[in-house]
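Notes to accompany the following structure.
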Amino acid sequence: MQTMWNDEAMRGVEALERGEGVVEVRGVEYDSRRVGPGDVFVAMRGGATDGNRFIAGAVERGAAVVVTDSRVVWEAARVDFPGTPFYLVEHGRRALAEVSANVFGHPERTLALSAVTGTNGKTTTSYLLESMLRSVGRTCVLVGTIEYHVGDAVRVSPHTTPESRDVLELFADGVKAGAMEAVMEMSSHALEQERVWGMPVDVAMFTNLTQDHLDYHGTMEAYFAAKARLFEGVGTVVPRVAVINVDDAYGERLVGMARHSQVVTYGLERGDFRAEQVRMRAGETLFRMVTPEGALEMRSPLTGRVNVYNLLAASAAAHARGLTLEQIVAGAAAGAQVPGRFQVVASGESGVTVVVDYAHTDDALRNLIALARELAAEHGGRVITLFGCGGDRDRTKRPRMGRAAGEGSDLVVLTSDNPRSEEPMAIIEEALVGVHETGTTCIVEEDRAGAIEIAIRAAGPGDIVLIAGKGHEKVQILRDGTVPFDDVAVAAGVLKEIVS
Ligand SMILES: CC(=O)N[C@H]1[C@@H](OP(=O)(O)OP(=O)(O)OC[C@H]2O[C@@H](n3ccc(=O)[nH]c3=O)[C@H](O)[C@@H]2O)O[C@H](CO)[C@@H](O)[C@@H]1O[C@H](C)C(=O)N[C@@H](C)C(=O)N[C@H](CCC(=O)O)C(=O)O
Ligand SMILES: Nc1ncnc2c1ncn2[C@@H]1O[C@H](COP(=O)(O)OP(=O)(O)OP(=O)(O)O)[C@@H](O)[C@H]1O
Ligand SMILES: N[C@H](CCC[C@H](N)C(=O)O)C(=O)O
Ligand SMILES: [Mg+2]
């Protein structure tokens, strides 16, 4: 990162009041704990706390410039922090994005950005698109839930869509590594909070909208409005191309709203990209992909109907990015398993199929269970579903998830999934209401490892055990701390014990 003067770092920021003095800037941070000498510290109000409370700490750590969204703080700064230029802004996150773009040398202008939003399918679709782009030799940056990629380098992902500063740092590293493309999940939280302010999206994708995150957004309409912001261009131009699932009612509404983009629709039976002759089994999905440029046979190692949607979305986006249909199909076939998405755990000789999947909404559970039922029916097997509901998250989805689990399964095992600050049994009780409505037998075991053992031991040859909710996650977040936890490893351990 190059050093620059404060007026260069602040270029484009709509400051209500500007700081005095000339200082050298080396970087930018939004969290006081990460500030180092020469950084711009952007202090902004949040939902849990207020960055303005931590300015003294940031200055102590060497902040050269402070950007604040509090007039009170700005007025006191001359006395409290003489010698440090303070700028007053209305929107902390917008200022953060603008300063970050300056500090990191505007990598967003070099990369063609494809962004995906929707309740479910973002991670899978972005992995598929990355795989297609890579297969034609394009170096990519990937930003999403499981991990971040800068070309071949893998980095940990603390957030599906991190703050603009972190996205732009990844983009800048990508540009250095020769990337011309970025693929990114845009969560509704990030769109609402404008973590993606000013990022010019070339291709925007919408997967679907079903209930989740109402704790944060309040209503489905507000949740939809947050997702729709991707198509309005957050602080910049509208996407050049909008790829939209028209089998989803909200998707249909988006088509009307995305008039200033080139709209490409997809759906199972209708849309510009659609699927015919869908054939599915575990570890393979085949269909004939019909597009405005002709039809082609698509084969993917992913399992299930939801992945037909994800393949169509990624294909339409890859096409918008200039790939031929042949290249798209080859890229999809080369795509690897997405960790924790319908991931089959090696089952030894028990005859039981154990699947780890990230379904954590009622819609995802319903789709997952329907798929398992189809696959189990081939062997006359049963479906056993293990799930829990996240703590400090949408409470209204708990009974809905319970109902979805009960409706399709022969046996439900109800357990914990990141209870966070909540009492695990209180969460379970809320989900249990939904399971009970269906009359399906339900075993409650608060301890997730114990519950996985119960679910697998209850299964016989031909049965499918679904371990839902945590997918790729490697921890369980409990009130007393975060402990290592891996559904795949625990399930593999139980299966090994059974056959030995
Ligand atoms: C609800 C939500 O989105 N919260 C995120 C948001 O918090 P916030 O705006 O309320 O900020 P805050 O925590 O009150 O802090 C205010 C400011 O003080 C700063 N601070 C705080 C403490 C300190 O010592 N020093 C300091 O400077 C913070 O860095 C921040 O700039 O911005 C923070 C800084 O980036 C995030 O850490 C925080 O993520 C919380 C922990 C979280 O759980 N977020 C989840 C819900 C989330 O964002 N998930 C989506 C994916 C959802 C999905 O895909 O289903 C995601 O994109 O990851
Ligand atoms: N297109 C889809 N439609 C409906 N459900 C899907 C779709 N794709 C995946 N799913 C289900 O949702 C789960 C999560 O998928 P994925 O991780 O791709 O979505 P996501 O939108 O990134 O989720 P998150 O917001 O939690 O990161 C999968 O494990 C699967 O059960
Ligand atoms: N990105 C989602 C993931 C939920 C996954 C599930 N394991 C949970 O903790 O509820 C969230 O933070 O709401
Ligand atoms: Mg995701």
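By order in the structure tokens, chains are A, B, ...; within a chain, residues start at 1; ligands start at 1, following the order shown.
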**Prompt:** If you count only C-alpha atoms and all ligand atoms, which residues end up within 6 Å of ligand 3, as a PyMOL selection string?
**Reply:** chain A and resi 360+389-390+417-418+469-470
**Request:** May I have the residues within 9 Å of Glu192 (chain A) as a ChimeraX atom specification, using only C-alpha atoms and disregarding those fewer than 5 positions away in the same chain?
**Result:** /A:187,217,223,225-227,229
**Which of region 180-354 of chain A fall in helix (DSSP H, G or I), as number ranges by chain** = A: 188-193, 214-217, 220-232, 249-257, 305-320, 325-334
Suppose we keep C-alpha atoms; can you now write the selection as an mmCIF file, in the first residue's frame?
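Generated output (again.cif):
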data_model
loop_
_atom_site.group_PDB
_atom_site.id
_atom_site.type_symbol
_atom_site.label_atom_id
_atom_site.label_comp_id
_atom_site.auth_asym_id
_atom_site.auth_seq_id
_atom_site.Cartn_x
_atom_site.Cartn_y
_atom_site.Cartn_z
ATOM 1 C CA SER A 188 -28.742 -8.508 2.834
ATOM 2 C CA HIS A 189 -26.976 -7.164 5.944
ATOM 3 C CA ALA A 190 -24.159 -5.827 3.793
ATOM 4 C CA LEU A 191 -26.500 -4.300 1.204
ATOM 5 C CA GLU A 192 -28.622 -2.651 3.896
ATOM 6 C CA GLN A 193 -25.597 -1.307 5.762
ATOM 7 C CA LEU A 214 -36.443 -11.093 10.075
ATOM 8 C CA ASP A 215 -34.774 -10.288 13.395
ATOM 9 C CA TYR A 216 -32.687 -7.785 11.440
ATOM 10 C CA HIS A 217 -34.948 -6.650 8.600
ATOM 11 C CA MET A 220 -40.127 -9.675 4.181
ATOM 12 C CA GLU A 221 -40.691 -6.415 2.274
ATOM 13 C CA ALA A 222 -37.742 -4.752 4.032
ATOM 14 C CA TYR A 223 -35.643 -7.886 3.488
ATOM 15 C CA PHE A 224 -36.532 -7.799 -0.218
ATOM 16 C CA ALA A 225 -35.761 -4.074 -0.410
ATOM 17 C CA ALA A 226 -32.277 -4.777 0.980
ATOM 18 C CA LYS A 227 -31.669 -7.469 -1.661
ATOM 19 C CA ALA A 228 -33.058 -5.209 -4.387
ATOM 20 C CA ARG A 229 -30.419 -2.584 -3.605
ATOM 21 C CA LEU A 230 -27.891 -4.703 -5.487
ATOM 22 C CA PHE A 231 -29.910 -4.045 -8.633
ATOM 23 C CA GLU A 232 -30.214 -0.318 -7.899
ATOM 24 C CA ALA A 249 -42.150 -14.305 -7.113
ATOM 25 C CA TYR A 250 -39.713 -11.712 -5.775
ATOM 26 C CA GLY A 251 -37.510 -12.385 -8.790
ATOM 27 C CA GLU A 252 -40.421 -11.500 -11.058
ATOM 28 C CA ARG A 253 -40.788 -8.202 -9.232
ATOM 29 C CA LEU A 254 -37.085 -7.534 -9.630
ATOM 30 C CA VAL A 255 -37.329 -7.936 -13.403
ATOM 31 C CA GLY A 256 -39.605 -4.877 -13.447
ATOM 32 C CA MET A 257 -37.229 -2.976 -11.199
ATOM 33 C CA ARG A 305 -32.750 -29.584 -7.915
ATOM 34 C CA VAL A 306 -31.624 -26.434 -6.077
ATOM 35 C CA ASN A 307 -28.297 -26.860 -7.813
ATOM 36 C CA VAL A 308 -29.997 -26.838 -11.208
ATOM 37 C CA TYR A 309 -30.994 -23.278 -10.288
ATOM 38 C CA ASN A 310 -27.475 -22.466 -9.101
ATOM 39 C CA LEU A 311 -26.000 -23.878 -12.311
ATOM 40 C CA LEU A 312 -28.405 -21.844 -14.444
ATOM 41 C CA ALA A 313 -27.588 -18.633 -12.545
ATOM 42 C CA ALA A 314 -23.832 -19.189 -12.759
ATOM 43 C CA SER A 315 -24.083 -20.121 -16.439
ATOM 44 C CA ALA A 316 -26.053 -16.989 -17.307
ATOM 45 C CA ALA A 317 -23.513 -14.878 -15.422
ATOM 46 C CA ALA A 318 -20.531 -16.613 -17.029
ATOM 47 C CA HIS A 319 -22.148 -16.038 -20.417
ATOM 48 C CA ALA A 320 -22.525 -12.343 -19.566
ATOM 49 C CA LEU A 325 -21.637 -22.202 -23.788
ATOM 50 C CA GLU A 326 -19.044 -24.929 -24.349
ATOM 51 C CA GLN A 327 -16.664 -23.257 -21.899
ATOM 52 C CA ILE A 328 -19.463 -22.887 -19.355
ATOM 53 C CA VAL A 329 -20.399 -26.549 -19.527
ATOM 54 C CA ALA A 330 -16.753 -27.611 -19.236
ATOM 55 C CA GLY A 331 -16.263 -25.294 -16.247
ATOM 56 C CA ALA A 332 -19.342 -26.661 -14.484
ATOM 57 C CA ALA A 333 -18.210 -30.259 -14.956
ATOM 58 C CA ALA A 334 -14.798 -29.383 -13.515
#
**Request:** Produce as an MDAnalysis selection string the set of residues near ligand 2, where near means within 8 Å with only C-alpha atoms and all ligand atoms considered.
**Result:** chainID A and resid 117:125 144:146 160 185 187 207:208 306:310 340:342 357:361 363:365 367:368 468:469 471
Per-residue nearest contacts of chain A to ligand 1 (7 Å; only C-alpha atoms and all ligand atoms) as a Markdown table:
| residue | atom | partner | partner_atom_place_in_ligand_line | distance |
| --- | --- | --- | --- | --- |
| A:Tyr30 | CA | ligand 1 | 31 (O) | 4.7 |
| A:Asp31 | CA | ligand 1 | 27 (O) | 3.4 |
| A:Ser32 | CA | ligand 1 | 27 (O) | 3.8 |
| A:Arg33 | CA | ligand 1 | 25 (N) | 5.6 |
| A:Ala43 | CA | ligand 1 | 31 (O) | 6.3 |
| A:Met44 | CA | ligand 1 | 17 (C) | 5.3 |
| A:Arg45 | CA | ligand 1 | 16 (C) | 5.1 |
| A:Gly46 | CA | ligand 1 | 14 (O) | 3.3 |
| A:Gly47 | CA | ligand 1 | 10 (O) | 3.4 |
| A:Ala48 | CA | ligand 1 | 14 (O) | 3.4 |
| A:Thr49 | CA | ligand 1 | 14 (O) | 3.6 |
| A:Asp50 | CA | ligand 1 | 16 (C) | 4.5 |
| A:Gly51 | CA | ligand 1 | 18 (O) | 3.3 |
| A:Phe54 | CA | ligand 1 | 25 (N) | 5.4 |
| A:Thr145 | CA | ligand 1 | 54 (O) | 6.9 |
| A:His159 | CA | ligand 1 | 58 (O) | 3.5 |
| A:Thr160 | CA | ligand 1 | 58 (O) | 3.8 |
| A:Thr161 | CA | ligand 1 | 57 (O) | 3.9 |
| A:Pro162 | CA | ligand 1 | 57 (O) | 6.0 |
| A:Glu163 | CA | ligand 1 | 35 (O) | 5.5 |
| A:Met186 | CA | ligand 1 | 57 (O) | 6.9 |
| A:Ser187 | CA | ligand 1 | 57 (O) | 4.8 |
| A:Ser188 | CA | ligand 1 | 52 (C) | 6.9 |
| A:His189 | CA | ligand 1 | 3 (O) | 5.3 |
| A:Ala190 | CA | ligand 1 | 57 (O) | 5.4 |
| A:Tyr216 | CA | ligand 1 | 1 (C) | 7.0 |
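Proximity ranking of A:Ala64, A:Leu133, A:Val72, A:Met184 relative to ligand 4 places A:Met184 first, based on only C-alpha atoms and all ligand atoms.
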**Residue list (strand (DSSP E), DSSP) for region 241-372 of chain A, as a PyMOL selection string** = chain A and resi 241-245+262-267+273-281+284-291+294-300+343-345+353-357
